[in-house]
Amino acid sequence: PVAVSAVSGVKIAEQGVTGIESLRNFVPTLWMTETAIGNNIAIRGVFSGVNPGFEQSVGTYVDGLYRGRPQQTRAPFMDLERVEVLRGPQSILFGKNSIAGALNITTARPTEELAAGASALYEPDFNEQEYTGYLSGPITDSVRARVSARYRETDGHLKNLTLSTDEPNREETSVRGWLEWDVSEDLRLSLKAEKGEFDVVGRQIEIYSELPVPGAPGPTNPFGGLTYSQILAALGQDPSVLNNYPDYKRSANGDFSNNDTEEYVFTVDWKLGDLDLTAITGYSKYEFVELCDCDFTGGNVFGVGMAEEFDQLSQEIRLSSPTGGTFEYLVGAYYEEADLTFGDTIFVDGGSVLVPLLNGNPAFIGTPLQGVAGTAVANTGTPRLFDQDSTAYAVFGQLTWNATESFRGTLGLRYTNEEKDATRTLTFTTIDGDPLSGAQAILAPATYGAAFNVRAHDLSGSRSEDKLLPSVILEYDVSDSILTYLSWSQGSKSGGFDARSNNPTVPPATQCNTAPVPGQPRDPAGCLWGREIGTFEFEDENADNIELGAKMSFGGSFEVNAALYFTNYQDMQVSTFDGSLGFNVQNAGEADIMGLELDARWRASEHSLLSAAVAYTDFEFKDYFGQCAYGQTPDAPDGINCNYKGKTNEFVA
């Protein structure tokens with residue numbers, strides 16, 4: 001009794017589904033997009049955004065191990081048994097709860113008989129090569145093993161006009177080993193080890209439909225009427241910046257992303273009389289280094305370097321009763337500890353167009369920054385370091401009462417506790433990471449604050465939260481082939497700490513004496529309203545979901561599944577624009593989502609299967625202030641963002 005779409009490993013292989021981003025072609029309301037600084041996975045229009053401090057709205061589970069980081073979703077598919085996409089809050093049956101939905105991925109396990117397979121692909125247009133293979137079978141009468149491997153490389157489908165290269169150039173390597181041991185008829189031990197590397201040079205990002213700077217050109221608006229690319233070209237940048245229409249060509253100075261992953265899962269399946277005990281111990285680790293040409297053009301403006309390391313150790317235990325009795329139950333416990341270290345830096349090259357522009361900025365006339373602001377930030381960086389240790393534990397249970405042959409009721413309950421300790425620091429250094437000296441040590445921080453709203457800070461915090469999440473499901477069998485259900489559940493996404501805000505939460509007095517910015521009001525201390533206040537801690541997000549569904553089979557050859565739902569999200573965790581380069585996380589959102597989902601399968605003959613799926617989603621913000629579109633007039637209380645009440649969200653389908 002849940003809205004779920006299942007895709008078999010055979011279909012995934014036959015259709016060339018290489019990852020979650022291509023899986024969405026088979027599952028309505030599932031979206032994934034790779035952005036410049038992170039990944040978004042959405043179900044029913046709900047996703048987390050790209051701040052490293054966010055928990056994921058859509059949880060990913062691989063062989064029972066929770067993958068809670070967006071970077072982990074970029075790992076390619078390899079040798080799968082099936083993928084299940086569960087829509088709506090999943091609070092009870094998975095080790096770590098998720099508020100929007102879940103991707104439950106099961107890899108292929110060792111087989112009783114010897115089996116092997118291999119495939120090779122070559123695509124000449126983009127020089128894509130892919131090689132996969134597996135070997136599976138018994139080692140002894142009670143021990144089985146399976147080894148899988150995958151290698152893929154491709155030159156990419158976009159042309160970088162600045163560098164004359166094909167992008168994104170990808171190289172992916174994955175190796176996995178499974179070992180299963182039947183200790184006895186009632187006890188099975190399994191161990192999985194997996195390692196992967198996936199590196200990308202370039203990005204699949206293209207600029208088009210630029211809008212010009214509003215207004216006519218003049219002394220105070222020298223770029224009026226020009227687009228960003230035209231401004232860069234006028235400043236002597238590479239002519240490739242003028243390519244601003246969709247043609248599978250881009251301009252950029254170079255981007256890359258190097259990723260290494262490692263994962264181990266140890267599973268115990270133990271039959272204790274009529275009861276089944278499952279214990280899953282998991283360890284997951286990854287690290288990546290990225291370079292983002294984050295002005296997204298071939299002009300020399302600024303870049304962003306990023307690096308992240310993550311370690312997670314988890315333990316889940318479940319005990320389930322036999323089925324078919326008057327009462328059926330499942331109880332379990334979950335523990336997880338994780339360490340996250342994230343660092344990034346904005347860096348300005350000495351040849352950046354920002355140097356002459358800032359030196360000539362009329363806003364700095366009459367201040368110590370006049371004529372030297374650009375020189376002050378030349379060859380400098382803004383290293384920011386975020387470190388977080390988290391611990392979570394939960395107990396959960398589900399009880400089903402088979403009242404009659406046709407009617408069942410299920411009550412589920414989860415109690416969870418999470419604790420997090422985090423620090424965030426931001427400093428100013430040379431582009432090589434050395435301390436600033438002389439006048440630059442004073443003028444560079446002042447310029448970054450006045451021009452880009454970036455200020456040094458050192459923050460730390462701890463938080464602990466408890467949550468009780470219930471669910472109720474009523475099922476009625478209209479006939480042997482028609483199941484109907486009505487469910488209500490609550491979901492939650494834990495709070496945390498903002499990893500990317502550019503400012504302290506309270507501006508020190510010394511940071512209020514920056515150069516004035518025209519049109520920005522000041523408080524009595526001289527601080528700019530709303531521009532010098534960053535964010536750090538944010539609270540949990542919650543959802544209530546009610547769903548009416550049916551699963552129907554006709555004649556053994558035709559199946560139809562339907563789900564009608566309404567979800568209310570409160571205290572949505574959102575990133576709001578800070579007026580310059582950064583975003584601040586806060587709980588400022590509420591949304592109502594309702595929709596209808598249908599999928600059907602028809603076995604037309606012994607050799608043909610027709611399937612179809614369609615979804616209608618109505619997503620409406622009830623309370624949300626977000627970044628204005630270019631040219632849009634701010635109407636939020638902070639004077640920077642826009643009010644999106646009554647509007648829909650990205651990735652709604």
# chains A, B, ... in the order shown; residues from 1 in each chain; ligands from 1
$ residues_around --residues "Ala394 in chain A" --least-positions-apart "2" --cutoff "6 Å" --atoms "only C-alpha atoms" --output "short mmCIF file (atom, residue, chain, number, x, y, z; two decimals) with C-alpha atoms, in the first residue's frame"
data_model
loop_
_atom_site.label_atom_id
_atom_site.label_comp_id
_atom_site.auth_asym_id
_atom_site.auth_seq_id
_atom_site.Cartn_x
_atom_site.Cartn_y
_atom_site.Cartn_z
CA ALA A 333 16.56 0.09 15.62
CA TYR A 334 19.01 2.24 13.70
CA TYR A 415 11.22 7.78 17.35
CA THR A 416 14.46 9.40 16.26
#
$ residues_around --residues "Glu172 in chain A" --least-positions-apart "6" --cutoff "6 Å" --atoms "only C-alpha atoms" --output "PDB file with all heavy atoms, in the first residue's frame"
ATOM      1  N   TYR A 151      33.593  -0.066 -16.667  1.00  0.00           N
ATOM      2  CA  TYR A 151      34.455   1.041 -17.069  1.00  0.00           C
ATOM      3  C   TYR A 151      33.772   1.788 -18.205  1.00  0.00           C
ATOM      4  O   TYR A 151      33.236   1.185 -19.137  1.00  0.00           O
ATOM      5  CB  TYR A 151      35.828   0.548 -17.533  1.00  0.00           C
ATOM      6  CG  TYR A 151      36.705   1.671 -18.057  1.00  0.00           C
ATOM      7  CD1 TYR A 151      37.400   2.489 -17.174  1.00  0.00           C
ATOM      8  CD2 TYR A 151      36.801   1.928 -19.430  1.00  0.00           C
ATOM      9  CE1 TYR A 151      38.184   3.530 -17.644  1.00  0.00           C
ATOM     10  CE2 TYR A 151      37.586   2.968 -19.904  1.00  0.00           C
ATOM     11  CZ  TYR A 151      38.274   3.771 -19.002  1.00  0.00           C
ATOM     12  OH  TYR A 151      39.037   4.807 -19.464  1.00  0.00           O
ATOM     13  N   ARG A 152      33.791   3.119 -18.105  1.00  0.00           N
ATOM     14  CA  ARG A 152      33.168   3.930 -19.158  1.00  0.00           C
ATOM     15  C   ARG A 152      33.977   5.202 -19.342  1.00  0.00           C
ATOM     16  O   ARG A 152      34.465   5.792 -18.373  1.00  0.00           O
ATOM     17  CB  ARG A 152      31.731   4.300 -18.775  1.00  0.00           C
ATOM     18  CG  ARG A 152      31.041   5.264 -19.751  1.00  0.00           C
ATOM     19  CD  ARG A 152      29.625   5.548 -19.312  1.00  0.00           C
ATOM     20  NE  ARG A 152      28.942   6.471 -20.191  1.00  0.00           N
ATOM     21  CZ  ARG A 152      28.596   7.722 -19.866  1.00  0.00           C
ATOM     22  NH1 ARG A 152      28.894   8.181 -18.659  1.00  0.00           N
ATOM     23  NH2 ARG A 152      27.974   8.501 -20.711  1.00  0.00           N
ATOM     24  N   GLU A 197      35.583   5.194  -8.887  1.00  0.00           N
ATOM     25  CA  GLU A 197      36.162   6.480  -9.234  1.00  0.00           C
ATOM     26  C   GLU A 197      35.372   7.013 -10.425  1.00  0.00           C
ATOM     27  O   GLU A 197      35.166   6.301 -11.405  1.00  0.00           O
ATOM     28  CB  GLU A 197      37.638   6.355  -9.609  1.00  0.00           C
ATOM     29  CG  GLU A 197      38.543   5.880  -8.489  1.00  0.00           C
ATOM     30  CD  GLU A 197      39.999   5.792  -8.917  1.00  0.00           C
ATOM     31  OE1 GLU A 197      40.296   6.244 -10.056  1.00  0.00           O
ATOM     32  OE2 GLU A 197      40.820   5.276  -8.146  1.00  0.00           O
ATOM     33  N   PHE A 198      34.930   8.245 -10.329  1.00  0.00           N
ATOM     34  CA  PHE A 198      34.293   8.847 -11.494  1.00  0.00           C
ATOM     35  C   PHE A 198      34.736  10.300 -11.577  1.00  0.00           C
ATOM     36  O   PHE A 198      34.517  11.106 -10.683  1.00  0.00           O
ATOM     37  CB  PHE A 198      32.764   8.702 -11.483  1.00  0.00           C
ATOM     38  CG  PHE A 198      32.082   9.048 -10.201  1.00  0.00           C
ATOM     39  CD1 PHE A 198      31.413  10.254 -10.043  1.00  0.00           C
ATOM     40  CD2 PHE A 198      32.075   8.151  -9.142  1.00  0.00           C
ATOM     41  CE1 PHE A 198      30.774  10.560  -8.859  1.00  0.00           C
ATOM     42  CE2 PHE A 198      31.429   8.449  -7.961  1.00  0.00           C
ATOM     43  CZ  PHE A 198      30.778   9.669  -7.816  1.00  0.00           C
TER      44      PHE A 198
END
$ residues_around --residues "range 353-365 of chain A" --least-positions-apart "3" --cutoff "6 Å" --atoms "only C-alpha atoms" --output "PyMOL selection string"
chain A and resi 301+369-375
$ residues_around --residues "Gly95 in chain A" --least-positions-apart "2" --cutoff "7 Å" --atoms "only C-alpha atoms" --output "list of chain:residue names"
A:Leu93, A:Asn97, A:Glu316, A:Tyr334
$ residues_around --residues "Leu548 in chain A" --least-positions-apart "4" --cutoff "7 Å" --atoms "only C-alpha atoms" --output "ChimeraX atom specification"
/A:485-487,563-565
$ select_by_dssp --residues "range 133-371 of chain A" --states "helix (DSSP H, G or I)" --output "mmCIF file with C-alpha atoms, in the first residue's frame"
data_model
loop_
_atom_site.group_PDB
_atom_site.id
_atom_site.type_symbol
_atom_site.label_atom_id
_atom_site.label_comp_id
_atom_site.auth_asym_id
_atom_site.auth_seq_id
_atom_site.Cartn_x
_atom_site.Cartn_y
_atom_site.Cartn_z
ATOM 1 C CA TYR A 228 26.849 40.049 -19.716
ATOM 2 C CA SER A 229 28.604 38.401 -22.673
ATOM 3 C CA GLN A 230 28.770 41.725 -24.538
ATOM 4 C CA ILE A 231 30.281 43.397 -21.478
ATOM 5 C CA LEU A 232 32.951 40.695 -21.241
ATOM 6 C CA ALA A 233 33.747 40.974 -24.941
ATOM 7 C CA ALA A 234 34.038 44.778 -24.618
ATOM 8 C CA PRO A 239 35.202 35.998 -28.190
ATOM 9 C CA SER A 240 33.647 32.646 -27.234
ATOM 10 C CA VAL A 241 31.739 34.464 -24.477
ATOM 11 C CA LEU A 242 29.383 35.810 -27.177
ATOM 12 C CA LEU A 354 37.153 42.445 -11.699
ATOM 13 C CA VAL A 355 40.484 44.165 -11.013
ATOM 14 C CA PRO A 356 39.995 47.186 -13.355
ATOM 15 C CA LEU A 357 36.239 47.255 -12.729
ATOM 16 C CA LEU A 358 36.659 47.504 -8.963
ATOM 17 C CA ASN A 359 39.501 50.014 -9.271
ATOM 18 C CA PRO A 362 32.378 55.022 -8.506
ATOM 19 C CA ALA A 363 30.832 53.618 -5.318
ATOM 20 C CA PHE A 364 34.287 53.729 -3.718
#
$ closest_residue --among "A:Ala36, A:Ala444, A:Leu413, A:Val2" --to "Val304 in chain A" --atoms "only C-alpha atoms"
A:Ala36
$ atom_distance --atom1 "CA of Ala279 in chain A" --atom2 "CA of Ile317 in chain A"
4.4 Å
$ closest_residue --among "A:Glu180, A:Glu308, A:Asp295, A:Glu210" --to "Ile139 in chain A" --atoms "only C-alpha atoms"
A:Glu180
